Every structure is written in structure tokens, then in C-alpha cells.
file final_37.tsv (TSV, C-alpha atoms)
chain	number	residue	atom	x	y	z
A	1	MET	CA	-17.19	-8.42	-11.56
A	2	THR	CA	-19.09	-5.57	-13.24
A	3	PRO	CA	-20.18	-6.13	-16.85
A	4	SER	CA	-18.46	-3.84	-19.35
A	5	PRO	CA	-20.47	-1.84	-21.92
A	6	GLU	CA	-19.62	-4.54	-24.49
A	7	GLY	CA	-21.22	-7.18	-22.29
A	8	ARG	CA	-17.93	-8.76	-21.20
A	9	PRO	CA	-17.42	-8.95	-17.46
A	10	GLU	CA	-15.10	-6.09	-16.51
A	11	GLU	CA	-11.93	-7.07	-14.74
A	12	THR	CA	-11.58	-6.02	-11.14
A	13	ASP	CA	-8.76	-3.78	-10.02
A	14	MET	CA	-7.06	-6.71	-8.31
A	15	GLU	CA	-7.14	-8.76	-11.50
A	16	LEU	CA	-5.66	-5.88	-13.45
A	17	ILE	CA	-2.96	-5.47	-10.82
A	18	ASP	CA	-2.04	-9.14	-11.15
A	19	ARG	CA	-1.90	-8.80	-14.93
A	20	TRP	CA	0.37	-5.77	-14.66
A	21	LYS	CA	2.66	-7.64	-12.30
A	22	ALA	CA	2.80	-10.43	-14.87
A	23	GLY	CA	4.12	-7.93	-17.41
A	24	ASP	CA	0.96	-6.73	-19.17
A	25	SER	CA	1.38	-2.97	-19.58
A	26	ARG	CA	-2.16	-2.62	-20.95
A	27	ALA	CA	-3.43	-3.47	-17.48
A	28	ALA	CA	-1.71	-0.33	-16.17
A	29	THR	CA	-3.41	1.73	-18.87
A	30	ARG	CA	-6.78	0.30	-17.85
A	31	LEU	CA	-6.16	1.04	-14.18
A	32	VAL	CA	-4.97	4.59	-14.80
A	33	GLY	CA	-7.87	5.25	-17.19
A	34	ARG	CA	-10.30	3.97	-14.59
A	35	HIS	CA	-9.16	6.17	-11.72
A	36	ALA	CA	-7.29	9.18	-13.14
A	37	GLN	CA	-10.25	11.53	-13.55
A	38	ALA	CA	-11.58	10.77	-10.07
A	39	LEU	CA	-8.17	11.66	-8.67
A	40	ALA	CA	-8.10	14.89	-10.70
A	41	ARG	CA	-11.58	15.86	-9.48
A	42	PHE	CA	-10.67	15.12	-5.89
A	43	ALA	CA	-7.56	17.29	-6.18
A	44	ALA	CA	-9.52	20.14	-7.73
A	45	SER	CA	-12.27	19.87	-5.12
A	46	ALA	CA	-9.70	19.86	-2.37
A	47	GLY	CA	-8.50	23.25	-3.59
A	48	GLU	CA	-5.56	22.34	-5.81
A	49	ARG	CA	-5.14	24.90	-8.58
A	50	ASP	CA	-1.97	24.15	-10.51
A	51	GLY	CA	-0.22	20.96	-11.48
A	52	ILE	CA	-3.17	18.62	-11.03
A	53	GLU	CA	-1.94	16.42	-13.90
A	54	GLU	CA	1.47	16.21	-12.30
A	55	LEU	CA	-0.12	15.38	-8.96
A	56	VAL	CA	-2.19	12.57	-10.48
A	57	GLN	CA	0.89	11.26	-12.27
A	58	ASP	CA	2.94	11.28	-9.06
A	59	THR	CA	0.11	9.47	-7.29
A	60	PHE	CA	0.12	6.66	-9.84
A	61	VAL	CA	3.91	6.41	-9.95
A	62	ARG	CA	4.03	6.04	-6.17
A	63	ALA	CA	1.10	3.66	-6.10
A	64	PHE	CA	2.52	1.37	-8.76
A	65	ALA	CA	5.93	1.42	-7.09
A	66	SER	CA	4.38	0.07	-3.90
A	67	LEU	CA	1.58	-2.08	-5.23
A	68	ASP	CA	2.97	-5.06	-3.32
A	69	SER	CA	1.88	-3.34	-0.12
A	70	PHE	CA	-1.70	-3.01	-1.37
A	71	ARG	CA	-3.58	-5.98	0.04
A	72	GLY	CA	-7.05	-5.05	-1.12
A	73	ALA	CA	-8.37	-4.31	2.38
A	74	SER	CA	-9.84	-1.11	0.92
A	75	THR	CA	-10.71	-0.39	-2.68
A	76	LEU	CA	-7.87	0.65	-4.97
A	77	ARG	CA	-9.50	4.05	-5.44
A	78	THR	CA	-9.60	4.70	-1.70
A	79	TRP	CA	-5.94	3.73	-1.49
A	80	LEU	CA	-5.11	6.07	-4.38
A	81	PHE	CA	-7.00	8.92	-2.70
A	82	THR	CA	-4.94	8.31	0.44
A	83	ILE	CA	-1.68	8.57	-1.50
A	84	GLU	CA	-2.86	11.64	-3.40
A	85	ARG	CA	-3.96	13.37	-0.21
A	86	ARG	CA	-0.53	12.83	1.35
A	87	LEU	CA	1.10	14.30	-1.74
A	88	MET	CA	-1.23	17.31	-1.57
A	89	LEU	CA	-0.32	17.89	2.07
A	90	ASP	CA	3.40	17.69	1.22
A	91	ARG	CA	2.86	20.15	-1.60
A	92	ARG	CA	1.00	22.61	0.60
A	93	ARG	CA	3.73	22.49	3.20
A	94	ALA	CA	6.31	23.20	0.51
A	95	GLU	CA	4.17	26.00	-0.96
A	96	ARG	CA	3.74	27.55	2.47
A	97	ARG	CA	7.52	27.68	2.84
A	98	THR	CA	7.89	29.24	-0.63
A	99	ARG	CA	5.14	31.75	0.10
A	100	GLU	CA	6.96	32.84	3.22
A	101	THR	CA	10.05	33.65	1.19
A	102	VAL	CA	8.57	34.84	-2.15
A	103	PRO	CA	5.15	36.44	-1.47
A	104	VAL	CA	4.93	38.16	-4.88
A	105	GLN	CA	4.77	34.89	-6.78
A	106	GLU	CA	1.79	33.78	-4.76
A	107	ALA	CA	-0.17	36.93	-5.60
A	108	ASP	CA	0.57	36.46	-9.32
A	109	HIS	CA	-0.48	32.86	-9.12
A	110	VAL	CA	-3.86	33.69	-7.56
A	111	SER	CA	-4.78	36.39	-10.06
A	112	GLU	CA	-3.71	34.15	-12.94
A	113	TYR	CA	-5.91	31.36	-11.75
A	114	GLY	CA	-8.85	33.67	-11.08
A	115	ALA	CA	-8.86	34.91	-14.67
A	116	LEU	CA	-8.55	31.42	-16.10
A	117	ASP	CA	-11.14	30.02	-13.76
A	118	SER	CA	-13.79	32.61	-14.62
A	119	LEU	CA	-13.31	31.85	-18.30
A	120	ILE	CA	-13.65	28.11	-17.96
A	121	ALA	CA	-16.00	27.51	-15.09
A	122	GLU	CA	-19.75	27.59	-15.47
A	123	GLU	CA	-21.81	29.66	-13.10
A	124	ALA	CA	-22.96	26.62	-11.14
A	125	GLN	CA	-19.39	25.38	-10.84
A	126	GLU	CA	-18.32	28.75	-9.58
A	127	ARG	CA	-21.04	28.82	-6.96
A	128	VAL	CA	-20.19	25.33	-5.80
A	129	ARG	CA	-16.49	26.12	-5.71
A	130	LYS	CA	-17.17	29.19	-3.58
A	131	SER	CA	-19.37	27.23	-1.23
A	132	LEU	CA	-16.64	24.60	-0.85
A	133	ASP	CA	-14.13	27.35	-0.17
A	134	ALA	CA	-16.22	28.29	2.85
A	135	LEU	CA	-15.46	24.88	4.40
A	136	SER	CA	-12.44	23.94	6.46
A	137	PRO	CA	-9.89	21.80	4.57
A	138	THR	CA	-11.00	18.60	6.31
A	139	GLN	CA	-14.71	19.37	5.88
A	140	ARG	CA	-14.10	19.99	2.18
A	141	GLU	CA	-12.22	16.72	1.77
A	142	VAL	CA	-14.87	14.73	3.59
A	143	PHE	CA	-17.74	16.42	1.79
A	144	THR	CA	-16.33	16.04	-1.73
A	145	LEU	CA	-15.29	12.44	-1.12
A	146	ARG	CA	-18.80	11.68	0.09
A	147	VAL	CA	-20.85	13.66	-2.44
A	148	GLN	CA	-18.72	13.76	-5.58
A	149	GLN	CA	-16.87	10.45	-5.22
A	150	GLY	CA	-19.53	8.48	-3.35
A	151	LEU	CA	-17.14	7.02	-0.76
A	152	SER	CA	-18.51	5.50	2.42
A	153	TYR	CA	-17.69	7.05	5.80
A	154	LYS	CA	-15.38	4.12	6.51
A	155	GLU	CA	-13.44	4.78	3.30
A	156	ILE	CA	-13.35	8.52	3.94
A	157	ALA	CA	-12.00	7.91	7.44
A	158	GLU	CA	-9.24	5.84	5.88
A	159	VAL	CA	-8.34	8.51	3.33
A	160	VAL	CA	-8.25	11.43	5.76
A	161	GLY	CA	-6.75	9.43	8.61
A	162	SER	CA	-9.70	9.90	10.94
A	163	THR	CA	-12.62	7.92	12.37
A	164	GLU	CA	-16.01	7.16	10.85
A	165	GLY	CA	-17.70	9.19	13.57
A	166	ALA	CA	-15.53	12.21	12.88
A	167	ALA	CA	-16.20	11.87	9.15
A	168	ARG	CA	-19.96	11.89	9.81
A	169	VAL	CA	-19.67	15.04	11.92
A	170	HIS	CA	-17.57	16.76	9.25
A	171	TYR	CA	-20.09	15.82	6.59
A	172	HIS	CA	-23.02	17.07	8.67
A	173	ASN	CA	-21.34	20.42	9.38
A	174	ALA	CA	-20.25	20.75	5.76
A	175	ILE	CA	-23.69	20.26	4.26
A	176	GLN	CA	-25.16	22.83	6.63
A	177	THR	CA	-22.53	25.39	5.57
A	178	VAL	CA	-22.90	24.65	1.84
A	179	LYS	CA	-26.69	24.75	2.08
A	180	GLU	CA	-26.64	28.14	3.79
A	181	PHE	CA	-24.11	29.48	1.30
A	182	LEU	CA	-26.11	28.40	-1.74
A	183	ARG	CA	-29.35	29.66	-0.18
A	184	ASP	CA	-27.84	33.11	0.45
A	185	GLU	CA	-26.38	33.43	-3.07
B	1	MET	CA	-39.15	24.52	7.13
B	2	ASN	CA	-38.70	21.95	9.89
B	3	LYS	CA	-35.26	20.51	10.30
B	4	CYS	CA	-35.11	16.76	9.77
B	5	THR	CA	-34.23	14.80	12.86
B	6	ASP	CA	-33.61	11.46	11.13
B	7	SER	CA	-29.81	11.61	10.90
B	8	ASP	CA	-29.69	8.04	9.58
B	9	ILE	CA	-31.63	9.03	6.46
B	10	GLN	CA	-29.67	12.27	6.06
B	11	GLU	CA	-26.41	10.37	6.00
B	12	LEU	CA	-27.71	8.00	3.32
B	13	LEU	CA	-28.68	10.75	0.87
B	14	PRO	CA	-25.28	10.73	-0.94
B	15	ASP	CA	-25.60	6.94	-1.33
B	16	LEU	CA	-29.05	7.45	-2.87
B	17	LEU	CA	-27.47	9.92	-5.29
B	18	HIS	CA	-24.76	7.43	-6.29
B	19	GLY	CA	-27.17	4.48	-6.57
B	20	ALA	CA	-25.27	2.69	-3.83
B	21	LEU	CA	-28.33	1.56	-1.80
B	22	ASP	CA	-29.99	-1.82	-2.05
B	23	GLU	CA	-33.65	-1.88	-3.05
B	24	ALA	CA	-35.05	-2.03	0.47
B	25	GLU	CA	-32.96	0.88	1.72
B	26	LYS	CA	-33.57	2.88	-1.42
B	27	GLY	CA	-37.33	2.49	-0.94
B	28	ARG	CA	-37.09	3.56	2.71
B	29	VAL	CA	-35.01	6.68	1.93
B	30	GLU	CA	-37.16	7.71	-1.02
B	31	ALA	CA	-40.33	7.35	1.03
B	32	HIS	CA	-38.85	9.61	3.72
B	33	VAL	CA	-37.62	12.22	1.24
B	34	ALA	CA	-41.06	12.40	-0.36
B	35	THR	CA	-42.48	13.76	2.90
B	36	CYS	CA	-39.48	15.69	4.30
B	37	GLU	CA	-38.81	19.18	2.92
B	38	SER	CA	-35.48	19.44	4.72
B	39	CYS	CA	-34.18	16.26	3.10
B	40	GLN	CA	-35.52	17.39	-0.28
B	41	GLU	CA	-33.48	20.55	0.06
B	42	ASP	CA	-30.41	18.54	1.13
B	43	LEU	CA	-30.81	16.26	-1.88
B	44	ASP	CA	-31.06	19.28	-4.22
B	45	VAL	CA	-27.85	20.69	-2.76
B	46	LEU	CA	-26.10	17.35	-3.14
B	47	ARG	CA	-27.25	17.07	-6.77
B	48	THR	CA	-25.93	20.56	-7.48
B	49	VAL	CA	-22.57	19.81	-5.87
B	50	LYS	CA	-22.25	16.44	-7.62
B	51	SER	CA	-23.23	17.68	-11.08
B	52	ALA	CA	-21.19	20.85	-10.84
B	53	ALA	CA	-18.04	19.02	-9.92
B	54	VAL	CA	-15.22	21.50	-9.70
B	55	PHE	CA	-13.32	21.86	-12.96
B	56	ALA	CA	-10.49	19.39	-13.26
B	57	PRO	CA	-8.20	19.01	-16.26
B	58	SER	CA	-8.47	15.82	-18.28
B	59	ILE	CA	-5.56	13.52	-17.59
B	60	ASP	CA	-3.35	12.12	-20.34
B	61	VAL	CA	-3.57	8.46	-19.41
B	62	ASP	CA	-0.80	7.31	-21.78
B	63	GLY	CA	1.47	10.06	-20.45
B	64	VAL	CA	0.92	8.84	-16.91
B	65	VAL	CA	1.47	5.20	-17.86
B	66	ARG	CA	4.78	6.08	-19.55
B	67	GLN	CA	6.06	7.39	-16.20
B	68	ILE	CA	5.20	4.23	-14.31
B	69	PRO	CA	8.30	2.09	-13.72
B	70	PRO	CA	8.13	-1.61	-14.63
B	71	TYR	CA	7.09	-3.98	-11.90
B	72	ARG	CA	9.84	-5.28	-9.66
B	73	ALA	CA	8.78	-7.94	-7.25
B	74	ILE	CA	9.89	-7.71	-3.64
B	75	VAL	CA	13.18	-9.62	-3.11
B	76	PRO	CA	12.35	-13.19	-2.01
B	77	ALA	CA	12.80	-14.04	1.66
B	78	VAL	CA	15.51	-16.66	0.80
B	79	GLU	CA	18.04	-13.91	0.25
B	80	ALA	CA	17.35	-12.35	3.60
B	81	PRO	CA	20.13	-14.21	5.54
B	82	ALA	CA	22.78	-13.01	3.07
B	83	ARG	CA	21.67	-9.43	3.61
B	84	THR	CA	21.71	-10.03	7.36
B	85	ARG	CA	25.32	-11.21	7.18
B	86	VAL	CA	26.31	-8.12	5.24
B	87	ALA	CA	24.44	-5.98	7.71
B	88	SER	CA	26.15	-7.62	10.69
B	89	TRP	CA	29.58	-7.01	9.13
B	90	LEU	CA	28.64	-3.42	8.61
B	91	VAL	CA	27.50	-3.08	12.22
B	92	ALA	CA	30.72	-4.70	13.50
B	93	ALA	CA	32.89	-2.43	11.33
B	94	THR	CA	30.97	0.65	12.49
B	95	LEU	CA	31.35	-0.37	16.14
B	96	ALA	CA	35.08	-0.95	15.72
B	97	LEU	CA	35.42	2.46	14.10
B	98	PHE	CA	33.59	4.09	17.00
B	99	LEU	CA	35.72	2.27	19.59
B	100	VAL	CA	39.00	3.25	17.94
B	101	GLY	CA	37.83	6.79	17.33
B	102	GLY	CA	36.35	7.14	20.82
B	103	GLY	CA	39.53	5.77	22.43
B	104	SER	CA	41.65	8.28	20.55
B	105	VAL	CA	39.42	11.11	21.64
B	106	LEU	CA	39.56	9.97	25.27
B	107	MET	CA	43.35	9.72	25.22
B	108	THR	CA	43.63	13.15	23.66
B	109	ARG	CA	41.33	14.59	26.31
B	110	GLN	CA	43.28	12.93	29.11
B	111	ASN	CA	46.53	14.42	27.83
B	112	SER	CA	45.08	17.87	27.50
B	113	SER	CA	43.31	17.73	30.86
B	114	GLY	CA	46.58	16.79	32.57
B	115	THR	CA	47.80	20.30	31.84
B	116	SER	CA	44.72	22.38	32.14
B	117	VAL	CA	43.25	20.84	35.26
B	118	LYS	CA	46.29	20.26	37.41
B	119	ALA	CA	47.97	23.62	36.84
B	120	PRO	CA	45.10	25.63	38.39
B	121	ALA	CA	45.14	23.20	41.32
B	122	VAL	CA	48.64	24.47	42.09
B	123	ASP	CA	47.38	28.03	41.84
B	124	ARG	CA	44.52	27.37	44.24
B	125	GLY	CA	46.98	25.86	46.63
B	126	ALA	CA	49.10	29.00	46.45
B	127	ARG	CA	46.15	31.21	47.33
B	128	LEU	CA	45.32	28.96	50.22
B	129	ALA	CA	48.89	29.21	51.44
B	130	ILE	CA	48.72	33.01	51.34
B	131	THR	CA	45.49	33.31	53.28
B	132	GLN	CA	46.37	30.55	55.76
B	133	PRO	CA	50.10	30.73	56.44
B	134	SER	CA	49.74	28.83	59.71
B	135	ALA	CA	48.57	25.69	57.96
B	136	PRO	CA	51.29	24.68	55.55
B	137	SER	CA	50.29	21.06	55.55
B	138	ARG	CA	47.10	21.94	53.62
B	139	VAL	CA	49.00	23.29	50.62
B	140	PRO	CA	48.66	20.59	47.96
B	141	VAL	CA	52.03	21.04	46.22
B	142	ALA	CA	53.90	20.93	49.54
B	143	THR	CA	53.34	17.18	49.70
B	144	PRO	CA	54.88	15.79	46.57
B	145	ASN	CA	52.83	13.19	44.83
B	146	PRO	CA	54.52	11.52	41.89
B	147	LYS	CA	51.16	10.76	40.30
B	148	THR	CA	50.11	14.41	40.14
B	149	SER	CA	53.35	16.33	39.97
B	150	GLU	CA	54.94	14.39	37.12
B	151	PRO	CA	52.54	15.26	34.29
B	152	ALA	CA	52.38	18.88	35.44
B	153	ALA	CA	56.15	19.08	35.51
B	154	SER	CA	56.56	17.58	32.10
B	155	SER	CA	54.03	19.93	30.53
B	156	HIS	CA	55.89	23.19	31.19
B	157	PRO	CA	59.62	24.01	31.66
B	158	HIS	CA	58.89	26.20	34.72
B	159	ALA	CA	56.94	23.43	36.32
B	160	LEU	CA	59.82	21.03	35.72
B	161	ALA	CA	62.18	23.23	37.71
B	162	LEU	CA	59.59	23.92	40.41
B	163	ALA	CA	58.79	20.28	40.93
B	164	ALA	CA	62.46	19.51	41.50
B	165	GLU	CA	62.92	22.29	44.03
B	166	ALA	CA	59.59	22.40	45.86
B	167	ASP	CA	60.58	19.60	48.24
B	168	GLY	CA	62.86	21.59	50.48
B	169	LEU	CA	60.92	24.86	50.58
B	170	SER	CA	59.79	26.63	53.73
B	171	ASP	CA	56.33	28.19	53.94
B	172	ARG	CA	57.66	31.57	52.90
B	173	GLY	CA	59.60	30.12	50.03
B	174	LEU	CA	56.58	28.30	48.91
B	175	VAL	CA	54.49	31.49	48.94
B	176	GLN	CA	57.16	33.21	46.88
B	177	LEU	CA	57.19	30.32	44.49
B	178	MET	CA	53.44	30.53	44.08
B	179	ASN	CA	53.59	34.27	43.48
B	180	ASP	CA	56.19	33.73	40.80
B	181	MET	CA	54.02	31.08	39.22
B	182	ASP	CA	51.21	33.62	38.85
B	183	THR	CA	53.44	35.58	36.48
B	184	PHE	CA	54.03	32.61	34.15
B	185	ASP	CA	52.59	32.69	30.65
B	186	ALA	CA	49.51	30.56	30.16
B	187	LEU	CA	51.00	29.05	27.04
B	188	PRO	CA	54.56	27.89	26.59
B	189	GLY	CA	56.70	30.19	24.48
B	190	SER	CA	58.50	29.08	21.38
B	191	GLU	CA	61.79	29.07	23.30
B	192	PRO	CA	62.24	27.67	26.80
B	193	ASP	CA	62.09	30.23	29.62
B	194	PRO	CA	65.01	30.49	32.05
B	195	VAL	CA	64.60	28.34	35.12
B	196	ILE	CA	63.60	30.32	38.21
B	197	SER	CA	65.89	29.67	41.09
B	198	VAL	CA	64.16	29.74	44.44
B	199	ASP	CA	66.25	30.02	47.59
B	200	SER	CA	64.47	29.24	50.77
B	201	GLY	CA	63.45	32.48	52.41
B	202	ASP	CA	66.28	34.63	50.98
B	203	SER	CA	64.35	36.22	48.17
B	204	LEU	CA	61.55	37.50	50.35
call {"tool": "encode", "arguments": {"input": "final_37.tsv", "output": "C-alpha cells"}}
result
Amino acid sequence: MTPSPEGRPEETDMELIDRWKAGDSRAATRLVGRHAQALARFAASAGERDGIEELVQDTFVRAFASLDSFRGASTLRTWLFTIERRLMLDRRRAERRTRETVPVQEADHVSEYGALDSLIAEEAQERVRKSLDALSPTQREVFTLRVQQGLSYKEIAEVVGSTEGAARVHYHNAIQTVKEFLRDE
Amino acid sequence: MNKCTDSDIQELLPDLLHGALDEAEKGRVEAHVATCESCQEDLDVLRTVKSAAVFAPSIDVDGVVRQIPPYRAIVPAVEAPARTRVASWLVAATLALFLVGGGSVLMTRQNSSGTSVKAPAVDRGARLAITQPSAPSRVPVATPNPKTSEPAASSHPHALALAAEADGLSDRGLVQLMNDMDTFDALPGSEPDPVISVDSGDSL
């Protein structure tokens, strides 16, 4: 148990889950507060542009609805990343179908985001985002989970549905690409 | 700059960044990085990527929590047999439905095939009789078979009359009969057609 800033030992995710099951809604607030931003960052790093809040919300709704199936074999965060990733894949499939039928909307969407992004993002963020865009989707997922979220290769393999060895290879290739991109900038 | 060949250390650099190494490992990695330019550059890149995390909106935690449904425990295993009984009734009812439905379909098909399959058999026999007049015994309708001729006869008024009269026909009469049959309508008319009278050999 990790000590909280106030000195009290901080409850583990499993303890909070048990409290929520016992009817304590504050436990849900603690769990969501603990993991929501990490999920939002992962979604943004993975290339999501719109509806990140909605995506995070859907992830928690699904996770809480099936918490009985979470046995604690992995960390709760890893499990949440897995759920979120599946939702992102579903979304992309649906968007691909929409894009095939209504191409104009996609063009509008991109230009809208570009303008907003350049206003909000710092120069360093922009450079990093561009370098991540140079990666394949799987490389980007592995790299951001490893570098920004600090997950182990075993956890990453679980999230992306791959093996530890494959995750290591993806990470190695990704850092070479990002390094070259940032060096050339 | 020489490329680092210690892949073990390279893979641990993100853990160093996140403070996830124990003291011994941390000391080993830091000692390596101090002398390895390639790993120093990797670490700089990782720091940049980590600190410049891609913009993500801040999440309204209370809004998310409001959407979470209250906890509902999984139904206890004690109730499982009751559900199994219901399920078995459902399966039995579905099977019965399929059997009744399937039987009806089969009967309908049998009835319809009695007309459509046996009528062309007569026609084929007629053609055979025309091309091989010296072998009357091979014409199928010349040897009456109650099993085959009855449904065909009952399905069309012409066939009814033909079945009654085909017994005493000569080869020529039979050929004439078959020729006449070729002129029949494929579908029965709304009113019954007049019965064709076939005299043995006289009409040819």
C-alpha cells in the first residue's frame, strides 16, 4: 500500500473495488480520479482526436460493468488500457466506414483539429506528436505505453494482445524512428 | 557516435525514467549511461517524449462516475438449475417447432414434386417411343404402375383420361398419345379441358 500525501496508507485498487461493490460510491470516484487522465493521455498518444472524454467514460462504464471478471492478474490500469484500446479499434473501424461514405466530413474534421491543435499545443508537444505520427499504430501504442505510462513489456503485451518479445522489438524500432525524426527537425 | 550494443540497458531506460528500478539496477543503468553517448541520447529523447505528453483533455471525474451503473453481483450459482430447466424447455419447444415445420415443408415438397417430376418422365418416355418404335416395352407409361400413374393422373384432368385409356394402346396409338400430350398446357386452366379420346391406330 502506497502512502498518500497526507501520510495515510493509500488504498489499493482492489480495496477500492471491494468498497465500491459494497455500495461505497466514493470508491468509484477515487478509482476514476486515479486512472482517468492516464487513459486520456493514452488515447491522445494513440492518435485519437475527438471524443476522448467520451472514450474514457465508455471505458470506465464497461470496466465497472464487468469488474467481477477482473481478478487482479494484471494491474487495474493495464486492464483499463486493454478495454480502452478495444474501444478505440471499434471506433476506428466505424470511422473508416463513415469516411468511405462521407469523405467531406473527414476533411473538415482534420482541418478543424489542426487549427485547434496549433493553438493549444506547445512546440515540444507538436514535435513529439509529429514524431509519434511517423510510427505505425502498434509501434506508437507500445512506445507511448512504455515511455509515457511506464508499463512493463509484459503489461504492454497484454494491452496490445501481443508477446513480450514483439513488444520489445516494437519499442526498439520506435525509439530509432523517433530519435531520427527529432534529430532531423 | 557509437551505437550501444547493450540492449538490456537500453530496454531499462524507460524504467529509469519512471523510477521503477530497484537501487542495484538503478546504479548499474546510471553507471552505463554515464559512459555511453548513445544511451544518453536515448534518455534525452525519452525525457522529451515523456514530458511533452501529447495534449489530452482533462476528464470530468464526477461526470464519468455519474454514468457508472450501480454494482450488480453475478447471479449466485444456486439459481443455475432453474435457468437450466427453463433453457431445456426452450430447447424442446424449439425442436418441436422445427420438426412440425420441417415435416410440413417436406409434405408440401412431396406433393409438388409428384406433379413436376413425374410428368416429364412421361414426356421422356414419349420421345423414346418415337426414336425407338421397335422397343415398345421400354416406354415407361406402357406398363401401368399404380404407384406412379395415380398421382400423375390425379394432378391433371388430361392425365386422368390418359391413365384410364393407356392400357389398351398399340405402339402407334401410344406415340399419338404422347404427341398430344406435348400440346397440353403446363398449368391447369381454370376450367377443365375436354377429355381427349384416343382410338387405337385410327387417328394416325
call {"tool": "interface_residues", "arguments": {"input": "final_37.tsv", "of": "chain A", "to": "chain B", "cutoff": "7 Å", "atoms": "only C-alpha atoms", "output": "list in words"}}
result
Lys21, Ala28, Thr29, Val32, Gly33, Ala36, Gln37, Ala40, Arg41, Ala44, Ser45, Glu53, Gln57, Val61, Phe64, Ala121, Ala124, Gln125, Val128, Arg129, Arg146, Val147, Gln148, Gly150 and Lys179 of chain A
call {"tool": "closest_residue", "arguments": {"input": "final_37.tsv", "among": "A:Leu135, A:Arg91, A:Thr82, A:Arg96", "to": "Gly161 in chain A", "atoms": "all atoms listed in the file"}}
result
A:Thr82
call {"tool": "closest_residue", "arguments": {"input": "final_37.tsv", "among": "A:Ala38, A:Val142, A:Gly51, A:Glu84", "to": "Thr163 in chain A", "atoms": "all atoms listed in the file"}}
result
A:Val142
call {"tool": "closest_residue", "arguments": {"input": "final_37.tsv", "among": "B:Leu174, B:Val100, B:Lys3, B:Ile9", "to": "Glu25 in chain B", "atoms": "all atoms listed in the file"}}
result
B:Ile9
call {"tool": "atom_distance", "arguments": {"input": "final_37.tsv", "atom1": "CA of Ala43 in chain A", "atom2": "CA of Asp90 in chain A"}}
result
13.2 Å
call {"tool": "residues_around", "arguments": {"input": "final_37.tsv", "residues": "Ser136 in chain A", "least_positions_apart": "3", "cutoff": "12 Å", "atoms": "only C-alpha atoms", "output": "PyMOL selection string"}}
result
chain A and resi 46-47+131-133+139-143+170-171+173-174+177-178
call {"tool": "atom_distance", "arguments": {"input": "final_37.tsv", "atom1": "CA of Leu16 in chain A", "atom2": "CA of Val160 in chain A"}}
result
26.0 Å
call {"tool": "atom_distance", "arguments": {"input": "final_37.tsv", "atom1": "CA of Ser74 in chain A", "atom2": "CA of Leu43 in chain B"}}
result
27.4 Å
call {"tool": "build_atoms", "arguments": {"input": "final_37.tsv", "residues": "range 120-136 of chain A", "atoms": "N, CA and C atoms", "output": "PDB file, in the frame of the given file"}}
result
ATOM      1  N   ILE A 120     -13.327  29.525 -17.737  1.00  0.00           N
ATOM      2  CA  ILE A 120     -13.650  28.110 -17.960  1.00  0.00           C
ATOM      3  C   ILE A 120     -14.888  27.666 -17.190  1.00  0.00           C
ATOM      4  N   ALA A 121     -14.956  28.075 -15.959  1.00  0.00           N
ATOM      5  CA  ALA A 121     -16.000  27.510 -15.090  1.00  0.00           C
ATOM      6  C   ALA A 121     -17.377  28.048 -15.423  1.00  0.00           C
ATOM      7  N   GLU A 122     -18.352  27.180 -15.321  1.00  0.00           N
ATOM      8  CA  GLU A 122     -19.750  27.590 -15.470  1.00  0.00           C
ATOM      9  C   GLU A 122     -20.189  28.275 -14.182  1.00  0.00           C
ATOM     10  N   GLU A 123     -21.324  28.940 -14.269  1.00  0.00           N
ATOM     11  CA  GLU A 123     -21.810  29.660 -13.100  1.00  0.00           C
ATOM     12  C   GLU A 123     -22.063  28.723 -11.914  1.00  0.00           C
ATOM     13  N   ALA A 124     -22.672  27.575 -12.221  1.00  0.00           N
ATOM     14  CA  ALA A 124     -22.960  26.620 -11.140  1.00  0.00           C
ATOM     15  C   ALA A 124     -21.673  26.109 -10.504  1.00  0.00           C
ATOM     16  N   GLN A 125     -20.675  25.847 -11.358  1.00  0.00           N
ATOM     17  CA  GLN A 125     -19.390  25.380 -10.840  1.00  0.00           C
ATOM     18  C   GLN A 125     -18.768  26.424  -9.930  1.00  0.00           C
ATOM     19  N   GLU A 126     -18.895  27.658 -10.351  1.00  0.00           N
ATOM     20  CA  GLU A 126     -18.320  28.750  -9.580  1.00  0.00           C
ATOM     21  C   GLU A 126     -18.998  28.854  -8.209  1.00  0.00           C
ATOM     22  N   ARG A 127     -20.301  28.730  -8.229  1.00  0.00           N
ATOM     23  CA  ARG A 127     -21.040  28.820  -6.960  1.00  0.00           C
ATOM     24  C   ARG A 127     -20.646  27.672  -6.033  1.00  0.00           C
ATOM     25  N   VAL A 128     -20.558  26.485  -6.613  1.00  0.00           N
ATOM     26  CA  VAL A 128     -20.190  25.330  -5.800  1.00  0.00           C
ATOM     27  C   VAL A 128     -18.767  25.486  -5.267  1.00  0.00           C
ATOM     28  N   ARG A 129     -17.876  25.955  -6.141  1.00  0.00           N
ATOM     29  CA  ARG A 129     -16.490  26.120  -5.710  1.00  0.00           C
ATOM     30  C   ARG A 129     -16.401  27.104  -4.540  1.00  0.00           C
ATOM     31  N   LYS A 130     -17.183  28.190  -4.658  1.00  0.00           N
ATOM     32  CA  LYS A 130     -17.170  29.190  -3.580  1.00  0.00           C
ATOM     33  C   LYS A 130     -17.721  28.598  -2.281  1.00  0.00           C
ATOM     34  N   SER A 131     -18.781  27.816  -2.446  1.00  0.00           N
ATOM     35  CA  SER A 131     -19.370  27.230  -1.230  1.00  0.00           C
ATOM     36  C   SER A 131     -18.383  26.256  -0.580  1.00  0.00           C
ATOM     37  N   LEU A 132     -17.631  25.535  -1.411  1.00  0.00           N
ATOM     38  CA  LEU A 132     -16.640  24.600  -0.850  1.00  0.00           C
ATOM     39  C   LEU A 132     -15.476  25.357  -0.209  1.00  0.00           C
ATOM     40  N   ASP A 133     -15.200  26.538  -0.756  1.00  0.00           N
ATOM     41  CA  ASP A 133     -14.130  27.350  -0.170  1.00  0.00           C
ATOM     42  C   ASP A 133     -14.484  27.810   1.240  1.00  0.00           C
ATOM     43  N   ALA A 134     -15.794  27.848   1.524  1.00  0.00           N
ATOM     44  CA  ALA A 134     -16.220  28.290   2.850  1.00  0.00           C
ATOM     45  C   ALA A 134     -15.998  27.207   3.911  1.00  0.00           C
ATOM     46  N   LEU A 135     -15.650  25.989   3.453  1.00  0.00           N
ATOM     47  CA  LEU A 135     -15.460  24.880   4.400  1.00  0.00           C
ATOM     48  C   LEU A 135     -14.006  24.833   4.878  1.00  0.00           C
ATOM     49  N   SER A 136     -13.813  24.174   6.002  1.00  0.00           N
ATOM     50  CA  SER A 136     -12.440  23.940   6.460  1.00  0.00           C
ATOM     51  C   SER A 136     -11.829  22.873   5.535  1.00  0.00           C
TER      52      SER A 136
END
